[in-house]
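**Q** Sharing work-v4.txt, compact mmCIF, C-alpha atoms:
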# COMPACT_ATOMS: atom_id res chain seq x y z
CA MET A 1 -3.94 -21.78 -8.07
CA GLN A 2 -6.38 -22.31 -5.23
CA ASN A 3 -4.44 -19.93 -3.01
CA ILE A 4 -4.93 -16.90 -5.27
CA ARG A 5 -8.42 -17.54 -6.56
CA TYR A 6 -10.08 -15.29 -3.98
CA PRO A 7 -7.92 -12.13 -4.45
CA MET A 8 -7.71 -12.58 -8.21
CA GLN A 9 -11.48 -12.85 -8.63
CA ILE A 10 -11.97 -9.64 -6.65
CA ALA A 11 -9.28 -7.87 -8.63
CA ILE A 12 -10.78 -8.87 -11.98
CA ILE A 13 -14.29 -7.71 -10.94
CA TYR A 14 -12.84 -4.46 -9.60
CA ILE A 15 -11.03 -3.63 -12.84
CA PHE A 16 -14.05 -4.66 -14.96
CA LEU A 17 -16.35 -2.29 -13.08
CA VAL A 18 -14.07 0.73 -13.20
CA HIS A 19 -13.18 0.10 -16.85
CA PHE A 20 -16.78 0.46 -17.95
CA ALA A 21 -17.52 3.45 -15.71
CA PRO A 22 -18.96 6.23 -17.86
CA ALA A 23 -16.65 9.08 -18.76
CA SER A 24 -17.45 12.45 -17.27
CA GLU A 25 -18.84 14.99 -19.70
CA ASP A 26 -18.38 17.96 -17.39
CA ASP A 27 -14.70 17.85 -16.51
CA GLU A 28 -13.65 20.93 -14.60
CA ALA A 29 -10.86 23.05 -16.02
CA MET A 30 -7.58 21.82 -14.62
CA GLU A 31 -5.70 24.23 -12.37
CA TYR A 32 -1.99 24.31 -13.19
CA GLY A 33 0.68 24.29 -10.47
CA TRP A 34 1.41 22.25 -7.34
CA LYS A 35 -1.25 20.57 -5.23
CA LYS A 36 0.16 19.52 -1.87
CA GLN A 37 -1.28 17.60 1.06
CA VAL A 38 0.33 16.07 4.15
CA VAL A 39 -1.95 14.47 6.75
CA GLY A 40 -0.73 12.90 9.99
CA SER A 41 -2.70 10.89 12.53
CA LEU A 42 -1.87 9.44 15.95
CA ASN A 43 -3.97 6.64 17.45
CA LEU A 44 -3.66 5.62 21.12
CA THR A 45 -5.26 2.80 23.13
CA GLN A 46 -4.66 2.20 26.85
CA ALA A 47 -6.24 -0.01 29.52
CA GLN A 48 -5.11 -0.78 33.08
CA PHE A 49 -6.56 -3.22 35.66
CA ASP A 50 -5.93 -3.39 39.42
CA ASN A 51 -7.66 -6.11 41.45
CA TRP A 52 -10.23 -6.44 38.68
CA THR A 53 -12.10 -9.65 39.47
CA GLN A 54 -13.55 -10.00 35.97
CA GLY A 55 -10.06 -10.41 34.51
CA GLY A 56 -8.18 -8.49 31.83
CA GLU A 57 -4.71 -7.53 30.66
CA ASN A 58 -3.05 -4.13 30.85
CA THR A 59 -2.57 -2.82 27.30
CA LEU A 60 -0.90 0.11 25.63
CA ALA A 61 -0.95 0.61 21.85
CA TRP A 62 -0.05 3.48 19.58
CA GLN A 63 0.27 4.07 15.85
CA LEU A 64 1.49 7.03 13.81
CA ASN A 65 0.41 7.46 10.17
CA VAL A 66 1.55 10.06 7.65
CA ASN A 67 0.07 10.27 4.14
CA SER A 68 1.35 12.81 1.64
CA SER A 69 0.63 13.86 -1.92
CA PHE A 70 2.55 16.34 -4.10
CA THR A 71 1.22 16.74 -7.64
CA LEU A 72 2.40 19.15 -10.31
CA HIS A 73 -0.03 19.91 -13.15
CA ARG A 74 1.22 21.54 -16.33
CA GLU A 75 -0.30 21.99 -19.76
CA ARG A 76 1.65 19.07 -21.25
CA PHE A 77 2.39 16.82 -18.27
CA ASP A 78 1.42 15.72 -14.75
CA TRP A 79 3.95 14.68 -12.10
CA SER A 80 2.44 12.91 -9.09
CA ASN A 81 4.36 11.93 -5.94
CA THR A 82 2.70 10.07 -3.06
CA GLY A 83 4.00 8.68 0.21
CA LYS A 84 2.64 6.49 2.99
CA ALA A 85 4.45 5.98 6.31
CA SER A 86 3.03 3.96 9.18
CA TYR A 87 4.53 2.71 12.44
CA GLY A 88 3.01 1.41 15.67
CA GLN A 89 3.68 -0.73 18.74
CA THR A 90 1.58 -2.72 21.21
CA LYS A 91 2.25 -3.94 24.76
CA ILE A 92 -0.09 -6.48 26.38
CA GLY A 93 0.34 -7.59 29.99
CA ASP A 94 3.82 -8.81 30.86
CA PHE A 95 4.79 -9.41 27.25
CA GLY A 96 7.37 -7.09 25.76
CA THR A 97 6.52 -4.34 23.31
CA ARG A 98 5.79 -5.70 19.84
CA LYS A 99 5.49 -4.00 16.48
CA SER A 100 1.93 -3.75 15.16
CA ALA A 101 2.46 -1.61 12.03
CA ASP A 102 5.52 -0.80 9.93
CA GLU A 103 5.35 0.43 6.33
CA LEU A 104 7.09 2.91 4.04
CA ARG A 105 5.76 3.38 0.51
CA ILE A 106 6.90 6.07 -1.96
CA GLU A 107 5.68 6.36 -5.55
CA SER A 108 6.37 8.83 -8.36
CA VAL A 109 4.43 8.92 -11.67
CA TYR A 110 5.23 11.18 -14.62
CA GLN A 111 2.52 11.39 -17.28
CA TYR A 112 2.87 13.23 -20.60
CA ARG A 113 -0.46 14.54 -21.80
CA VAL A 114 -1.25 13.79 -25.45
CA GLY A 115 -4.99 13.04 -25.18
CA ARG A 116 -8.00 13.51 -22.95
CA HIS A 117 -8.07 10.07 -21.32
CA ILE A 118 -5.11 7.97 -22.56
CA ASN A 119 -1.52 9.18 -22.06
CA PRO A 120 1.98 7.67 -21.82
CA TYR A 121 3.63 7.46 -18.39
CA VAL A 122 6.72 6.31 -16.51
CA SER A 123 6.65 5.42 -12.81
CA GLY A 124 8.80 4.25 -9.91
CA LEU A 125 7.71 2.64 -6.63
CA LEU A 126 9.62 1.83 -3.43
CA HIS A 127 8.06 -0.32 -0.71
CA THR A 128 9.83 -1.34 2.50
CA GLN A 129 9.68 -1.00 6.32
CA PHE A 130 11.46 0.96 9.08
CA THR A 131 12.60 -1.54 11.71
CA LYS A 132 13.26 -5.23 12.34
CA GLY A 133 10.24 -7.57 12.32
CA TYR A 134 9.87 -10.77 14.38
CA LYS A 135 7.85 -13.95 14.55
CA TYR A 136 7.07 -15.09 18.07
CA THR A 137 6.86 -18.52 19.69
CA GLU A 138 5.82 -19.33 23.26
CA ASP A 139 9.39 -19.07 24.52
CA ASP A 140 11.33 -17.05 21.99
CA ARG A 141 11.29 -14.81 18.93
CA PHE A 142 13.23 -14.79 15.67
CA ALA A 143 13.80 -12.00 13.17
CA VAL A 144 12.25 -12.30 9.69
CA SER A 145 12.74 -8.79 8.21
CA ASP A 146 14.45 -5.42 8.69
CA PHE A 147 14.84 -1.97 7.11
CA PHE A 148 15.35 -2.44 3.35
CA ASP A 149 15.30 -6.18 4.00
CA PRO A 150 13.28 -6.74 1.95
CA ALA A 151 12.78 -3.69 -0.25
CA PHE A 152 10.62 -3.85 -3.38
CA ILE A 153 11.38 -1.49 -6.27
CA THR A 154 9.06 -1.45 -9.29
CA VAL A 155 9.73 0.60 -12.43
CA SER A 156 7.11 0.75 -15.18
CA THR A 157 6.31 2.52 -18.43
CA GLY A 158 3.21 2.32 -20.59
CA PHE A 159 -0.12 4.10 -20.94
CA SER A 160 -2.52 5.56 -18.39
CA TYR A 161 -6.29 5.75 -18.71
CA GLN A 162 -8.62 8.00 -16.71
CA PRO A 163 -12.30 7.29 -17.50
CA VAL A 164 -13.59 9.58 -14.72
CA GLU A 165 -12.04 12.11 -12.38
CA PHE A 166 -11.77 9.77 -9.38
CA ILE A 167 -10.33 6.72 -11.18
CA LYS A 168 -6.87 6.37 -12.71
CA MET A 169 -5.58 3.23 -14.43
CA ARG A 170 -2.14 2.32 -15.77
CA LEU A 171 -0.91 -0.60 -17.85
CA GLY A 172 2.68 -1.09 -18.94
CA ALA A 173 5.88 -3.09 -19.06
CA ALA A 174 7.65 -3.31 -15.72
CA THR A 175 10.60 -4.62 -13.73
CA LYS A 176 10.14 -5.68 -10.11
CA THR A 177 13.29 -5.94 -8.01
CA THR A 178 13.38 -7.52 -4.55
CA MET A 179 16.42 -6.57 -2.46
CA THR A 180 17.53 -8.29 0.75
CA ARG A 181 20.53 -8.58 3.08
CA GLU A 182 20.05 -11.14 5.84
CA TYR A 183 16.84 -12.86 4.70
CA ALA A 184 17.68 -13.74 1.10
CA VAL A 185 17.01 -17.48 1.49
CA SER A 186 13.26 -16.98 1.98
CA LEU A 187 12.79 -14.04 -0.42
CA THR A 188 15.24 -13.76 -3.31
CA ASN A 189 17.44 -16.85 -3.39
CA ASP A 190 17.18 -19.20 -6.36
CA PRO A 191 17.54 -22.78 -5.09
CA ALA A 192 18.76 -23.87 -8.54
CA THR A 193 22.06 -22.04 -8.00
CA ASP A 194 24.79 -22.65 -5.42
CA LYS A 195 25.32 -18.94 -4.68
CA ILE A 196 22.93 -17.15 -2.31
CA GLU A 197 21.33 -14.35 -4.34
CA LYS A 198 20.29 -11.22 -2.47
CA ILE A 199 18.70 -9.42 -5.44
CA ASP A 200 15.94 -10.84 -7.62
CA THR A 201 14.63 -8.99 -10.67
CA GLU A 202 11.53 -10.02 -12.60
CA PHE A 203 10.42 -8.59 -15.95
CA GLY A 204 6.75 -8.51 -16.85
CA ALA A 205 3.60 -6.38 -16.96
CA LEU A 206 2.06 -4.09 -14.36
CA ALA A 207 -1.60 -3.02 -14.08
CA VAL A 208 -2.51 -0.35 -11.53
CA THR A 209 -5.91 1.03 -10.61
CA GLU A 210 -6.26 4.00 -8.25
CA LEU A 211 -9.58 5.16 -6.84
CA ARG A 212 -10.01 8.31 -4.76
CA LYS A 213 -13.66 9.14 -4.11
CA GLN A 214 -15.18 11.69 -1.74
CA LEU A 215 -18.28 9.76 -0.59
CA ALA A 216 -19.47 12.64 1.58
CA GLU A 217 -18.10 15.93 2.82
CA ASN A 218 -16.25 14.18 5.66
CA ILE A 219 -15.82 10.65 4.21
CA LEU A 220 -13.03 9.69 1.82
CA LEU A 221 -12.44 6.33 0.12
CA THR A 222 -9.05 5.54 -1.41
CA SER A 223 -8.21 2.20 -2.98
CA ASN A 224 -5.11 1.13 -4.92
CA ILE A 225 -4.65 -2.25 -6.54
CA ASP A 226 -1.38 -3.33 -8.18
CA LEU A 227 -1.18 -6.47 -10.33
CA PHE A 228 2.25 -7.62 -11.51
CA SER A 229 2.90 -10.67 -13.69
CA ASN A 230 6.19 -12.03 -15.00
CA LEU A 231 4.08 -13.52 -17.84
CA GLU A 232 5.29 -17.06 -17.08
CA SER A 233 2.13 -18.33 -15.40
CA PHE A 234 -1.26 -17.13 -14.16
CA LYS A 235 -0.16 -18.34 -10.73
CA LYS A 236 2.68 -15.82 -10.75
CA VAL A 237 0.43 -12.74 -10.59
CA ASP A 238 1.40 -10.65 -7.56
CA VAL A 239 -1.49 -8.74 -5.98
CA ARG A 240 -1.35 -5.77 -3.60
CA TRP A 241 -4.70 -4.17 -2.75
CA ASP A 242 -4.70 -1.33 -0.21
CA THR A 243 -8.03 0.29 0.74
CA ILE A 244 -8.61 3.07 3.29
CA LEU A 245 -12.00 4.42 4.34
CA SER A 246 -11.60 7.51 6.52
CA ALA A 247 -14.13 9.82 8.14
CA LYS A 248 -13.49 13.17 9.76
CA VAL A 249 -15.46 13.30 13.03
CA THR A 250 -14.21 16.76 14.02
CA ARG A 251 -11.39 19.01 12.82
CA LEU A 252 -8.84 17.02 14.85
CA VAL A 253 -10.51 13.63 15.34
CA ASP A 254 -10.97 10.99 12.65
CA VAL A 255 -11.77 7.29 12.28
CA SER A 256 -10.33 5.05 9.59
CA LEU A 257 -10.57 1.49 8.34
CA ASN A 258 -7.57 0.11 6.44
CA ILE A 259 -7.66 -3.28 4.69
CA GLU A 260 -4.60 -4.53 2.82
CA LEU A 261 -4.57 -7.74 0.80
CA LEU A 262 -1.30 -9.16 -0.50
CA TYR A 263 -0.36 -12.16 -2.59
CA ASP A 264 3.24 -12.79 -3.64
CA SER A 265 4.31 -16.39 -4.20
CA ASN A 266 7.92 -15.44 -3.44
CA ILE A 267 6.89 -14.46 0.10
CA SER A 268 4.07 -16.88 0.93
CA PRO A 269 2.07 -19.53 -0.97
CA LYS A 270 -1.12 -18.11 0.58
CA ARG A 271 -2.73 -14.70 0.41
CA GLN A 272 -1.99 -12.29 3.29
CA LEU A 273 -4.56 -9.97 4.86
CA LYS A 274 -4.14 -7.03 7.25
CA GLN A 275 -6.97 -5.01 8.80
CA LEU A 276 -6.77 -1.93 11.02
CA LEU A 277 -9.62 0.06 12.59
CA ALA A 278 -8.40 3.24 14.28
CA LEU A 279 -9.82 6.27 16.05
CA GLY A 280 -7.42 9.05 16.86
CA LEU A 281 -6.07 12.56 16.34
CA SER A 282 -5.52 13.82 12.81
CA TYR A 283 -3.82 16.98 11.58
CA THR A 284 -3.43 18.36 8.06
CA PHE A 285 -0.08 20.09 7.62
CA LEU A 286 -0.59 21.21 3.99
Give the structure from this file in structure tokens form.

**A**
Amino acid sequence: MQNIRYPMQIAIIYIFLVHFAPASEDDEAMEYGWKKQVVGSLNLTQAQFDNWTQGGENTLAWQLNVNSSFTLHRERFDWSNTGKASYGQTKIGDFGTRKSADELRIESVYQYRVGRHINPYVSGLLHTQFTKGYKYTEDDRFAVSDFFDPAFITVSTGFSYQPVEFIKMRLGAATKTTMTREYAVSLTNDPATDKIEKIDTEFGALAVTELRKQLAENILLTSNIDLFSNLESFKKVDVRWDTILSAKVTRLVDVSLNIELLYDSNISPKRQLKQLLALGLSYTFL
């Protein structure tokens, strides 16, 4: 319980605040049709030293990010499709090139409109990575993950609630499936059985809160928090909180701060935290 107290307290406060946000009285008329956006960014860092008496290590790092959104608005329904792809590598000194970012996330949400704020929905989410991941020791490395190993697939249906334009919330019944190939022992295997299980499916409830707020003309805050529980124990609440603060410096240059918090007892007994601060080139394709 101690291991999840910190992320769970933040999540509860977050949901409490957005739940009691006042509803907008001046909603703009919705424009029907497709709204599309694809934004790509490339971040590069390089340093080289030659006879530098103050010390230092040659470094080369790069990361490519692509974020997309395709949303169809109709009079009776909304169909939203979002994708996030990120990959990067880093080389420091004489060490080999190592992966610094690797994520693929695709989500589709279909919402049937029956009311102004509360509507039924069905959704599907895929979360995995592109290439093999390693843990490193002083003398060696060993693989711990790969493409679709693991892959997390979450399917949910329930009701959505949108108190204001920039906040969307969903609550429903869900199934969460973890799929593996080579790394089943640490992710999906049930030690109570003799057979190594490569697929693990949990049934429970899913709560999702999405925030997308334009803080200024060139500053955008996006934050998504997913809470999944198999309803067996409070300790079994899985938390994924992904927050991105991005600012457009010029038409082609932007700076972003990405913080991702993860707790899943099937992966680690402690919460995981990833932070990335990047300055690089950005281009909007759509």

**Q** Could you work out how far atom CA of A:Glu182 lies from atom CA of A:Ile199, giving the answer in Å with one decimal?

**A**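 Interatomic distance, atom CA of A:Ile199 to atom CA of A:Glu182: 11.5 Å.
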
**Q** Taking into account only C-alpha atoms, which residue in the set A:Leu126, A:Ala143, A:Leu171, A:Leu44 is nearest to A:Leu277?

**A**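 Of A:Leu126, A:Ala143, A:Leu171, A:Leu44, the one nearest A:Leu277, counting only C-alpha atoms, is A:Leu44.
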
**Q** Using all atoms listed in the file, which of the listed residues (A:Thr128, A:Ala216, A:Ser223, A:Val122) sits closest to A:Ile167?

**A**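 Ranked by minimum distance to A:Ile167, first place goes to A:Ser223.
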
**Q** Find the spatial neighbours of A:Gln89, counting only C-alpha atoms, within a cut-off of 7 Å - ignore same-chain residues fewer than 4 positions away - and output them as a ChimeraX atom specification.

**A** /A:61-63,97-101

**Q** Pick the closest to A:Arg240 from A:Ala173, A:Leu104, A:Leu261, A:Ala85: which is it, counting all atoms listed in the file?

**A**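 Among the listed residues, the smallest separation from A:Arg240 belongs to A:Leu261.
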
**Q** Taking all atoms listed in the file into account, name the residue in A:Thr154, A:Thr53, A:Asn65, A:Asn119 that is nearest to A:Ser86.

**A**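 Among the listed residues, the smallest separation from A:Ser86 belongs to A:Asn65.
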
**Q** Can you work out which one of A:Glu202, A:Val164, A:Leu286, A:Arg170 has the shortest atom-to-atom distance to A:Trp34, counting all atoms listed in the file?

**A**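 Between A:Glu202, A:Val164, A:Leu286, A:Arg170, the residue approaching A:Trp34 most closely is A:Leu286.
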
**Q** Would you compute the distance between atom CA of A:Lys168 and atom CA of A:Ala247? Give it in Å to one decimal.

**A** 22.3 Å

**Q** Write out as a list in words each polymer residue whose atoms come within 10 Å of stretch 157-159 of chain A, counting all atoms listed in the file; drop sequence neighbours fewer than 6 positions from it.

**A**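 Once the nearby chain positions are removed, what remains is Val109, Tyr110, Gln111, Tyr112, His117, Ile118, Asn119, Pro120, Tyr121, Val122, Ser123, Gly124, Met169, Arg170, Leu171, Gly172, Ala173, Ala174, Thr175, Ala205, Leu206 and Ala207 of chain A.
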